[in-house]
Every structure is written in C-alpha cells, then in structure tokens.
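Engineer: My structure is in model-v8.tsv, and what it holds is TSV, C-alpha atoms and all ligand atoms:
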chain	number	residue	atom	x	y	z
A	1428	MET	CA	0.00	0.00	0.00
A	1429	SER	CA	1.28	3.45	-0.92
A	1430	LEU	CA	1.41	6.31	1.56
A	1431	LEU	CA	-0.52	8.59	-0.78
A	1432	ASP	CA	-2.78	7.28	-3.51
A	1433	VAL	CA	-4.31	9.80	-5.90
A	1434	LYS	CA	-6.88	8.31	-8.27
A	1435	GLY	CA	-8.47	10.20	-11.15
A	1436	VAL	CA	-8.75	13.61	-9.47
A	1437	SER	CA	-10.31	16.41	-11.51
A	1438	ILE	CA	-11.41	19.98	-10.93
A	1439	SER	CA	-12.65	22.73	-13.25
A	1440	PHE	CA	-13.09	26.44	-12.68
A	1441	GLY	CA	-15.91	27.68	-14.87
A	1442	GLY	CA	-14.97	26.30	-18.27
A	1443	VAL	CA	-11.29	25.76	-17.40
A	1444	ARG	CA	-10.33	22.14	-16.76
A	1445	ALA	CA	-7.51	22.91	-14.36
A	1446	VAL	CA	-6.79	19.25	-13.46
A	1447	GLN	CA	-8.21	16.29	-15.36
A	1448	ASP	CA	-8.20	12.65	-14.24
A	1449	VAL	CA	-4.75	12.71	-12.60
A	1450	SER	CA	-3.50	9.60	-10.77
A	1451	PHE	CA	-0.19	8.81	-9.08
A	1452	SER	CA	1.12	7.50	-5.79
A	1453	ILE	CA	3.87	8.22	-3.27
A	1454	ASP	CA	5.64	5.68	-1.06
A	1455	LYS	CA	7.21	6.26	2.34
A	1456	GLY	CA	10.42	8.31	2.15
A	1457	GLN	CA	10.03	8.99	-1.59
A	1458	ILE	CA	10.51	12.40	-3.19
A	1459	VAL	CA	7.90	12.85	-5.91
A	1460	SER	CA	7.87	16.05	-7.96
A	1461	VAL	CA	5.08	17.53	-10.05
A	1462	ILE	CA	6.34	19.55	-13.01
A	1463	GLY	CA	4.82	21.13	-16.11
A	1464	PRO	CA	4.72	24.40	-18.02
A	1465	ASN	CA	2.94	27.47	-16.62
A	1466	GLY	CA	-0.78	26.88	-16.17
A	1467	ALA	CA	-0.34	23.07	-16.33
A	1468	GLY	CA	-2.31	22.55	-13.10
A	1469	LYS	CA	0.50	21.96	-10.58
A	1470	THR	CA	-0.72	24.42	-7.94
A	1471	THR	CA	-4.32	23.31	-8.36
A	1472	LEU	CA	-3.33	19.66	-7.87
A	1473	PHE	CA	-1.25	20.62	-4.83
A	1474	ASN	CA	-4.21	22.55	-3.41
A	1475	MET	CA	-6.53	19.57	-3.91
A	1476	LEU	CA	-4.16	17.33	-1.98
A	1477	SER	CA	-3.61	19.78	0.87
A	1478	GLY	CA	-7.24	20.59	1.68
A	1479	VAL	CA	-7.57	23.95	-0.07
A	1480	TYR	CA	-9.82	22.61	-2.85
A	1481	SER	CA	-11.98	19.52	-2.89
A	1482	PRO	CA	-11.67	17.42	-6.07
A	1483	GLN	CA	-14.88	17.33	-8.11
A	1484	GLN	CA	-14.01	13.79	-9.18
A	1485	GLY	CA	-11.61	11.11	-8.05
A	1486	GLU	CA	-10.29	10.12	-4.65
A	1487	VAL	CA	-7.28	10.62	-2.43
A	1488	ARG	CA	-6.10	8.08	0.15
A	1489	LEU	CA	-3.52	8.70	2.84
A	1490	ALA	CA	-2.10	5.50	4.36
A	1491	GLY	CA	-5.09	3.67	2.91
A	1492	GLU	CA	-7.75	5.97	4.38
A	1493	LEU	CA	-10.01	8.10	2.25
A	1494	VAL	CA	-9.14	11.80	2.77
A	1495	THR	CA	-10.65	13.33	-0.40
A	1496	GLY	CA	-11.49	16.99	0.22
A	1497	MET	CA	-10.53	16.81	3.90
A	1498	PRO	CA	-9.62	20.25	5.33
A	1499	ALA	CA	-5.98	21.05	6.05
A	1500	HIS	CA	-6.16	20.87	9.87
A	1501	LEU	CA	-7.61	17.33	9.74
A	1502	LEU	CA	-5.05	16.27	7.16
A	1503	ALA	CA	-2.34	17.60	9.47
A	1504	ARG	CA	-3.59	15.30	12.26
A	1505	ARG	CA	-3.33	12.38	9.85
A	1506	GLY	CA	0.25	13.22	8.98
A	1507	LEU	CA	0.11	15.50	5.95
A	1508	SER	CA	1.54	19.00	6.26
A	1509	ARG	CA	2.51	21.64	3.73
A	1510	THR	CA	4.51	24.79	3.17
A	1511	PHE	CA	3.35	27.80	1.20
A	1512	GLN	CA	4.92	29.50	-1.80
A	1513	ASN	CA	4.18	32.84	-0.12
A	1514	LEU	CA	5.74	32.34	3.27
A	1515	GLN	CA	3.36	32.04	6.20
A	1516	ILE	CA	5.83	33.01	8.90
A	1517	PHE	CA	4.94	35.17	11.94
A	1518	SER	CA	7.64	37.80	11.46
A	1519	ALA	CA	7.24	39.47	14.87
A	1520	MET	CA	7.73	36.14	16.70
A	1521	THR	CA	11.10	34.58	17.30
A	1522	VAL	CA	12.38	31.81	15.09
A	1523	LEU	CA	11.91	29.33	17.95
A	1524	GLU	CA	8.35	30.50	18.64
A	1525	ASN	CA	7.44	30.04	14.98
A	1526	VAL	CA	8.41	26.37	15.13
A	1527	ALA	CA	6.84	25.90	18.58
A	1528	THR	CA	3.46	27.02	17.18
A	1529	GLY	CA	3.66	23.96	14.92
A	1530	PHE	CA	4.01	21.72	17.96
A	1531	HIS	CA	1.17	23.49	19.81
A	1532	LEU	CA	-1.12	22.84	16.85
A	1533	GLN	CA	-0.33	19.15	17.12
A	1534	GLU	CA	-0.89	18.79	20.85
A	1535	ASN	CA	-4.23	18.37	22.52
A	1536	GLY	CA	-3.47	20.34	25.67
A	1537	SER	CA	-6.12	22.06	27.75
A	1538	LEU	CA	-6.62	25.72	26.91
A	1539	LEU	CA	-7.52	26.42	30.56
A	1540	ALA	CA	-4.26	24.82	31.73
A	1541	ASP	CA	-2.38	27.01	29.27
A	1542	LEU	CA	-4.19	30.18	30.38
A	1543	LEU	CA	-3.61	29.46	34.07
A	1544	GLY	CA	0.01	28.52	33.46
A	1545	LEU	CA	-0.48	25.18	35.23
A	1546	PRO	CA	2.53	22.85	35.61
A	1547	SER	CA	1.18	20.51	32.91
A	1548	ALA	CA	1.07	23.46	30.47
A	1549	ARG	CA	4.58	24.59	31.47
A	1550	ARG	CA	5.92	21.06	30.96
A	1551	ARG	CA	4.30	20.89	27.54
A	1552	MET	CA	5.74	24.27	26.62
A	1553	LYS	CA	9.24	23.19	27.66
A	1554	ARG	CA	8.94	19.96	25.70
A	1555	SER	CA	7.82	21.77	22.55
A	1556	GLU	CA	10.70	24.26	22.91
A	1557	GLU	CA	13.18	21.37	23.14
A	1558	GLN	CA	11.66	19.67	20.11
A	1559	SER	CA	11.66	22.99	18.22
A	1560	MET	CA	15.37	23.43	18.95
A	1561	GLU	CA	16.01	19.95	17.53
A	1562	LEU	CA	14.17	20.92	14.34
A	1563	LEU	CA	16.06	24.21	14.11
A	1564	LYS	CA	19.28	22.17	14.23
A	1565	THR	CA	17.95	20.01	11.38
A	1566	VAL	CA	17.34	23.08	9.20
A	1567	GLY	CA	20.57	24.82	10.29
A	1568	LEU	CA	18.90	27.66	12.19
A	1569	GLU	CA	19.70	26.83	15.83
A	1570	ARG	CA	21.88	29.93	16.23
A	1571	ALA	CA	19.00	32.12	15.07
A	1572	ALA	CA	16.50	30.62	17.57
A	1573	GLY	CA	16.10	33.86	19.54
A	1574	PHE	CA	16.04	36.23	16.56
A	1575	GLU	CA	12.89	37.86	15.32
A	1576	ALA	CA	11.81	35.78	12.31
A	1577	GLY	CA	11.38	38.96	10.24
A	1578	SER	CA	15.14	39.59	10.44
A	1579	LEU	CA	16.08	36.35	8.63
A	1580	SER	CA	17.30	36.15	5.04
A	1581	TYR	CA	14.85	34.80	2.46
A	1582	GLY	CA	16.57	31.41	2.20
A	1583	ALA	CA	16.55	31.07	6.01
A	1584	LEU	CA	12.83	31.92	6.09
A	1585	LYS	CA	12.18	29.16	3.58
A	1586	ARG	CA	14.01	26.69	5.84
A	1587	LEU	CA	12.10	28.00	8.87
A	1588	GLU	CA	8.84	27.32	7.07
A	1589	ILE	CA	9.98	23.73	6.45
A	1590	ALA	CA	10.92	23.37	10.15
A	1591	ARG	CA	7.46	24.54	11.17
A	1592	ALA	CA	5.78	22.09	8.81
A	1593	LEU	CA	7.99	19.33	10.25
A	1594	ALA	CA	6.80	20.21	13.76
A	1595	LEU	CA	3.51	18.58	12.78
A	1596	GLN	CA	5.55	15.35	12.46
A	1597	PRO	CA	4.20	14.58	9.00
A	1598	GLN	CA	4.45	11.28	7.15
A	1599	LEU	CA	4.05	13.34	4.00
A	1600	LEU	CA	5.30	16.88	3.48
A	1601	LEU	CA	3.99	18.95	0.56
A	1602	LEU	CA	6.47	21.62	-0.53
A	1603	ASP	CA	5.19	24.43	-2.74
A	1604	GLU	CA	8.17	25.90	-4.61
A	1605	PRO	CA	10.61	25.74	-1.67
A	1606	ALA	CA	13.43	27.25	-3.76
A	1607	ALA	CA	11.41	30.03	-5.44
A	1608	GLY	CA	13.18	33.37	-5.04
A	1609	CYS	CA	16.30	31.74	-3.55
A	1610	ASN	CA	19.83	32.28	-4.86
A	1611	ALA	CA	22.06	29.35	-5.89
A	1612	VAL	CA	23.53	28.84	-2.40
A	1613	GLU	CA	20.13	28.99	-0.71
A	1614	THR	CA	18.69	26.57	-3.29
A	1615	GLU	CA	21.49	24.11	-2.56
A	1616	GLU	CA	20.77	24.35	1.18
A	1617	ILE	CA	17.07	23.69	0.58
A	1618	GLU	CA	17.88	20.76	-1.69
A	1619	LYS	CA	20.13	19.16	0.94
A	1620	LEU	CA	17.48	19.68	3.57
A	1621	VAL	CA	14.73	18.12	1.45
A	1622	ALA	CA	16.94	15.08	0.75
A	1623	GLN	CA	17.73	14.77	4.47
A	1624	VAL	CA	14.04	14.95	5.45
A	1625	ALA	CA	13.18	12.22	2.93
A	1626	LYS	CA	16.04	10.07	4.22
A	1627	SER	CA	14.57	10.26	7.70
A	1628	GLY	CA	11.41	8.58	6.31
A	1629	THR	CA	9.11	11.53	5.56
A	1630	ALA	CA	7.77	11.37	2.02
A	1631	ILE	CA	7.86	14.59	0.00
A	1632	LEU	CA	5.64	15.94	-2.73
A	1633	LEU	CA	7.44	18.79	-4.45
A	1634	VAL	CA	6.19	21.44	-6.83
A	1635	GLU	CA	9.25	23.33	-8.02
A	1636	HIS	CA	10.31	25.32	-11.08
A	1637	ASP	CA	14.05	24.78	-10.55
A	1638	MET	CA	14.48	21.86	-12.96
A	1639	LYS	CA	18.07	21.12	-11.96
A	1640	MET	CA	16.98	20.62	-8.38
A	1641	VAL	CA	13.95	18.53	-9.42
A	1642	MET	CA	16.07	16.27	-11.64
A	1643	ARG	CA	18.75	15.75	-8.98
A	1644	ILE	CA	16.50	15.14	-6.03
A	1645	SER	CA	13.37	13.30	-7.24
A	1646	ASN	CA	12.78	9.56	-7.15
A	1647	HIS	CA	9.75	9.98	-9.35
A	1648	ILE	CA	8.34	12.82	-11.46
A	1649	VAL	CA	4.76	13.43	-12.57
A	1650	VAL	CA	4.44	15.74	-15.61
A	1651	LEU	CA	1.29	17.77	-16.20
A	1652	ASP	CA	0.29	19.76	-19.27
A	1653	HIS	CA	-3.06	21.51	-19.72
A	1654	GLY	CA	-4.33	19.80	-16.56
A	1655	GLU	CA	-3.54	16.26	-17.71
A	1656	LYS	CA	-0.79	13.87	-16.71
A	1657	ILE	CA	1.28	13.43	-19.87
A	1658	ALA	CA	4.11	11.35	-18.39
A	1659	GLU	CA	5.58	9.97	-15.18
A	1660	GLY	CA	8.69	8.08	-14.22
A	1661	THR	CA	12.26	8.55	-13.07
A	1662	PRO	CA	14.03	11.83	-13.97
A	1663	ALA	CA	15.83	10.03	-16.82
A	1664	GLU	CA	12.56	8.63	-18.15
A	1665	VAL	CA	10.64	11.90	-18.15
A	1666	VAL	CA	13.36	14.07	-19.74
A	1667	SER	CA	13.48	11.76	-22.74
A	1668	HIS	CA	9.70	11.35	-23.04
A	1669	PRO	CA	8.45	12.78	-26.37
A	1670	ARG	CA	5.33	14.41	-24.87
A	1671	VAL	CA	7.40	16.13	-22.18
A	1672	ILE	CA	9.86	17.44	-24.75
A	1673	GLU	CA	6.95	18.68	-26.85
A	1674	ALA	CA	5.26	20.40	-23.87
A	1675	TYR	CA	8.46	22.22	-22.87
A	1676	LEU	CA	9.75	22.89	-26.37
A	1677	GLY	CA	6.34	24.24	-27.25
A	1678	VAL	CA	6.70	26.79	-24.48
A	1679	ALA	CA	10.31	27.62	-25.43
A	1680	ALA	CA	9.38	28.01	-29.09
A	1681	THR	CA	6.50	30.33	-28.20
A	1682	GLU	CA	8.79	32.43	-25.99
A	1683	GLU	CA	11.38	32.61	-28.75
A	1684	ALA	CA	8.76	33.67	-31.28
A	1685	THR	CA	7.60	36.41	-28.88
A	1686	ARG	CA	11.17	37.64	-28.45
A	1687	TYR	CA	11.64	37.78	-32.23
A	1688	ALA	CA	8.35	39.62	-32.60
A	1689	GLU	CA	9.53	42.22	-30.07
A	1690	CYS	CA	12.81	42.86	-31.96
B	1701	LIG	N1	-9.21	29.77	-8.73
B	1701	LIG	C1	-9.17	29.67	-10.06
B	1701	LIG	N2	-10.17	30.18	-10.84
B	1701	LIG	C2	-10.14	30.06	-12.18
B	1701	LIG	N3	-9.14	29.45	-12.86
B	1701	LIG	C3	-8.11	28.95	-12.15
B	1701	LIG	C4	-8.07	29.03	-10.73
B	1701	LIG	N4	-6.93	28.42	-10.30
B	1701	LIG	C5	-6.30	27.99	-11.41
B	1701	LIG	N5	-7.02	28.30	-12.51
B	1701	LIG	C6	-6.65	27.96	-13.89
B	1701	LIG	O1	-6.34	26.57	-13.90
B	1701	LIG	C7	-5.21	26.32	-14.75
B	1701	LIG	C8	-4.10	25.67	-13.94
B	1701	LIG	O2	-3.56	26.66	-13.07
B	1701	LIG	P1	-2.42	26.34	-11.99
B	1701	LIG	O3	-2.16	27.59	-11.23
B	1701	LIG	O4	-2.79	25.14	-11.21
B	1701	LIG	O5	-1.18	26.00	-12.93
B	1701	LIG	P2	0.37	25.86	-12.50
B	1701	LIG	O6	0.88	24.66	-13.23
B	1701	LIG	O7	0.50	25.87	-11.05
B	1701	LIG	O8	0.97	27.18	-13.16
B	1701	LIG	P3	2.29	28.04	-12.71
B	1701	LIG	O9	3.48	27.21	-13.04
B	1701	LIG	O10	2.18	29.25	-13.60
B	1701	LIG	O11	2.15	28.36	-11.25
B	1701	LIG	C9	-4.84	27.65	-15.37
B	1701	LIG	O12	-5.48	27.74	-16.62
B	1701	LIG	C10	-5.40	28.67	-14.38
B	1701	LIG	O13	-5.69	29.88	-15.03
What does this structure look like when you write it as structure tokens?
Ligand SMILES: Nc1ncnc2c1ncn2[C@@H]1O[C@H](COP(=O)(O)OP(=O)(O)OP(=O)(O)O)[C@@H](O)[C@H]1O
Structural biologist:
Amino acid sequence: MSLLDVKGVSISFGGVRAVQDVSFSIDKGQIVSVIGPNGAGKTTLFNMLSGVYSPQQGEVRLAGELVTGMPAHLLARRGLSRTFQNLQIFSAMTVLENVATGFHLQENGSLLADLLGLPSARRRMKRSEEQSMELLKTVGLERAAGFEAGSLSYGALKRLEIARALALQPQLLLLDEPAAGCNAVETEEIEKLVAQVAKSGTAILLVEHDMKMVMRISNHIVVLDHGEKIAEGTPAEVVSHPRVIEAYLGVAATEEATRYAEC
C-alpha cells in the first residue's frame, strides 16, 4: 500500500479544466515532484491534496484511508503538512516560537491549563521548545532561535517554514516551490534539507520550477500539461519522453517567437 494514492482527481473552474483525471502514488520516504509548463495545473493539484480545494471527481487516500477533500487541519492530524509558496511566517515572533506554534497545533493540551500557566502546560511548553530546537538544528537555524523571524534572510525563512511544517511530524510533506526566489547557495541548502528529510522517512511531494533541483533530487516525477498527466517516471525517463519534450519545447518556441516579434 502506498502512503498517498491519488486516483483520477479532476477539478474545473468555470470552463477551465484545471486538473483532469490525474492519478499517481507516493511511497514512504520517496521524493515525488510535479512539473509542467505554466498553467499546467500543478498548484491546483497541490491545493486539492492539501485541503484547499476539494476534487470534483476522483479520490485521495492517505495511508489507505479516504481523505478526499478533507480540510488542512484534519489532514495535518493524519500526517500530511505543507509549506506555502508565499511564506506564512509570523515575522514578529522569534524563530523558535514560529516552530513551537507547529508543535502546539499538534498537541491536545487544555486551553484552561495554558491560560492558568499550570505545571502541565509549562511542561508541555518546555517539551515543545526542546523539540523545536532539535528541528532548528535540522534546518541549520539553531543559532537564530532567539532572533525575530522577520530579520532572517529569504533562504533562512524558507528553511524555517519547512521546520514549522515538520513540527507537525508529518508522514508526507507537501512543498510548494521551496526554492522560489532563492539564490544558488540557498537553493542548494534547501535541496540538501529536502533530501535529508526524505532520508529520515518523511515522504515529500514537491512542486518546483528549478528543474536542476527537481532532476537531482526526485525519485519519481509526474508531468502535467493543460491539466492532464502526460508522463511519469524517473528523472531520466521523463526528460526523454516525447510528450514532455513537446510540452516544454512548445513553451520555449513560443517564448522565442515572442522575443523575435519584439525585436
Ligand atoms: N481559482 C481559479 N479560478 C479560475 N481558474 C483557475 C483558478 N486556479 C487555477 N485556474 C486555472 O487553472 C489552470 C491551472 O492553473 P495552476 O495555477 O494550477 O497551474 P500551474 O501549473 O501551477 O501554473 P504556474 O506554473 O504558472 O504556477 C490555469 O489555466 C489557471 O488559469
């Protein structure tokens, strides 16, 4: 049984078939990437798997259980967490506090105990701070634990967002363009981190435009074009697939034609 099983999911917006009959699966510890030209349906698919949209057709199973259209907070309890392309960091909080909020979301502590500062709440707080420090070490931000998150560089913020998603102790982590806006060094750091997270057993679903990173890091790639899956396989298999070449060359040729037209 796969960790994530996506079967025939579809969604349309008005007349636009954003995602049509897409199926694929992810196993434990695997890095699976979704690629495709602009408008191919990557973000929409990602949003259907992370509880933002509910598929109009098809089903999604997480560890064998039906989770189609389940909202994000319930998915998180079942072991699926995500990061956002536009960072969702609390910039006025410290780096450590940002990660600790991830742990608080996961715990079922009593609100009254928290408000009254009871020993059980203090113990829980201490435990989540210790666990947050461990995660900050994993993402290379332990020295920045006490800094205001807003003072971090962009690449560091991206890693902080991954740490916070990891605080939910996911079996599956969905990463929405983790390297977008990062320079080469920051991209390399993110790539290493993603590989390390997968090695520890957490499966990853990656939507990313940086093709070099995708090709180096993925075990399996799903290629979308105009909302449909046109190919899937290992990096070597998809780069030599005629429909993938056509989808990307089509885009390149159009861009080239536009450039000529502007001259
Ligand atoms: N909320 C929406 N309402 C209407 N149309 C939408 C909506 N979201 C996406 N679409 C359309 O669905 C199609 C797929 O869009 P989507 O953003 O998923 O593609 P993408 O592969 O993520 O593109 P990009 O690489 O540019 O981010 C596009 O034609 C887009 O215009």
Engineer: Within 10 Å of range 1472-1485 of chain A, counting only C-alpha atoms, which residues show up once you throw out same-chain ones fewer than 4 positions away? Write them as an mmCIF file with C-alpha atoms, in the frame of the given file, please.
Structural biologist:
data_model
loop_
_atom_site.group_PDB
_atom_site.id
_atom_site.type_symbol
_atom_site.label_atom_id
_atom_site.label_comp_id
_atom_site.auth_asym_id
_atom_site.auth_seq_id
_atom_site.Cartn_x
_atom_site.Cartn_y
_atom_site.Cartn_z
ATOM 1 C CA LEU A 1431 -0.520 8.590 -0.780
ATOM 2 C CA VAL A 1433 -4.310 9.800 -5.900
ATOM 3 C CA LYS A 1434 -6.880 8.310 -8.270
ATOM 4 C CA GLY A 1435 -8.470 10.200 -11.150
ATOM 5 C CA VAL A 1436 -8.750 13.610 -9.470
ATOM 6 C CA SER A 1437 -10.310 16.410 -11.510
ATOM 7 C CA ILE A 1438 -11.410 19.980 -10.930
ATOM 8 C CA SER A 1439 -12.650 22.730 -13.250
ATOM 9 C CA ALA A 1445 -7.510 22.910 -14.360
ATOM 10 C CA VAL A 1446 -6.790 19.250 -13.460
ATOM 11 C CA GLN A 1447 -8.210 16.290 -15.360
ATOM 12 C CA ASP A 1448 -8.200 12.650 -14.240
ATOM 13 C CA VAL A 1449 -4.750 12.710 -12.600
ATOM 14 C CA SER A 1450 -3.500 9.600 -10.770
ATOM 15 C CA VAL A 1461 5.080 17.530 -10.050
ATOM 16 C CA ALA A 1467 -0.340 23.070 -16.330
ATOM 17 C CA GLY A 1468 -2.310 22.550 -13.100
ATOM 18 C CA LEU A 1489 -3.520 8.700 2.840
ATOM 19 C CA VAL A 1494 -9.140 11.800 2.770
ATOM 20 C CA THR A 1495 -10.650 13.330 -0.400
ATOM 21 C CA GLY A 1496 -11.490 16.990 0.220
ATOM 22 C CA MET A 1497 -10.530 16.810 3.900
ATOM 23 C CA PRO A 1498 -9.620 20.250 5.330
ATOM 24 C CA ALA A 1499 -5.980 21.050 6.050
ATOM 25 C CA HIS A 1500 -6.160 20.870 9.870
ATOM 26 C CA LEU A 1501 -7.610 17.330 9.740
ATOM 27 C CA LEU A 1502 -5.050 16.270 7.160
ATOM 28 C CA ALA A 1503 -2.340 17.600 9.470
ATOM 29 C CA LEU A 1507 0.110 15.500 5.950
ATOM 30 C CA SER A 1508 1.540 19.000 6.260
ATOM 31 C CA ARG A 1509 2.510 21.640 3.730
ATOM 32 C CA THR A 1510 4.510 24.790 3.170
ATOM 33 C CA LEU A 1600 5.300 16.880 3.480
ATOM 34 C CA LEU A 1601 3.990 18.950 0.560
ATOM 35 C CA LEU A 1602 6.470 21.620 -0.530
ATOM 36 C CA ASP A 1603 5.190 24.430 -2.740
ATOM 37 C CA LEU A 1632 5.640 15.940 -2.730
ATOM 38 C CA LEU A 1633 7.440 18.790 -4.450
ATOM 39 C CA VAL A 1634 6.190 21.440 -6.830
ATOM 40 C CA LEU A 1651 1.290 17.770 -16.200
ATOM 41 C CA GLY A 1654 -4.330 19.800 -16.560
#
Engineer: Enter the distance from CA of Arg1488 in chain A to CA of Glu1655 in chain A, in Å, rounded to one decimal.
Structural biologist: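 Distance between the two atoms: 19.8 Å.
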Engineer: List the residues sitting within 12 Å of (12.9, 24.4, 23.6) in the file's frame, using all atoms listed in the file, as a ChimeraX atom specification.
Structural biologist: /A:1522-1528,1530,1549-1564,1569,1572-1573
Engineer: Those residues you just picked out, can you put them in a file as a tab-separated table (two decimals), in the frame of the given file with C-alpha atoms?
Structural biologist:
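Saved the output as again-v7.tsv:
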chain	number	residue	atom	x	y	z
A	1522	VAL	CA	12.38	31.81	15.09
A	1523	LEU	CA	11.91	29.33	17.95
A	1524	GLU	CA	8.35	30.50	18.64
A	1525	ASN	CA	7.44	30.04	14.98
A	1526	VAL	CA	8.41	26.37	15.13
A	1527	ALA	CA	6.84	25.90	18.58
A	1528	THR	CA	3.46	27.02	17.18
A	1530	PHE	CA	4.01	21.72	17.96
A	1549	ARG	CA	4.58	24.59	31.47
A	1550	ARG	CA	5.92	21.06	30.96
A	1551	ARG	CA	4.30	20.89	27.54
A	1552	MET	CA	5.74	24.27	26.62
A	1553	LYS	CA	9.24	23.19	27.66
A	1554	ARG	CA	8.94	19.96	25.70
A	1555	SER	CA	7.82	21.77	22.55
A	1556	GLU	CA	10.70	24.26	22.91
A	1557	GLU	CA	13.18	21.37	23.14
A	1558	GLN	CA	11.66	19.67	20.11
A	1559	SER	CA	11.66	22.99	18.22
A	1560	MET	CA	15.37	23.43	18.95
A	1561	GLU	CA	16.01	19.95	17.53
A	1562	LEU	CA	14.17	20.92	14.34
A	1563	LEU	CA	16.06	24.21	14.11
A	1564	LYS	CA	19.28	22.17	14.23
A	1569	GLU	CA	19.70	26.83	15.83
A	1572	ALA	CA	16.50	30.62	17.57
A	1573	GLY	CA	16.10	33.86	19.54
Engineer: Would you mind listing the residues within 6 Å of ligand LIG 1701 (chain B), counting only C-alpha atoms and all ligand atoms, as a list in words?
Structural biologist: Phe1440, Ala1445, Pro1464, Asn1465, Gly1466, Ala1467, Gly1468, Lys1469, Thr1470 and Thr1471 of chain A
Engineer: Taking only C-alpha atoms into account, which of A:His1636, A:His1653, A:Arg1505, A:Arg1444 comes nearest Ala1490 in chain A?
Structural biologist: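 Selected residue with least distance to Ala1490 in chain A: A:Arg1505.
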Engineer: Any idea what the distance is between CA of Lys1639 in chain A and CA of Thr1661 in chain A?
Structural biologist: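 Taking CA of Lys1639 in chain A and CA of Thr1661 in chain A, their separation equals 13.9 Å.
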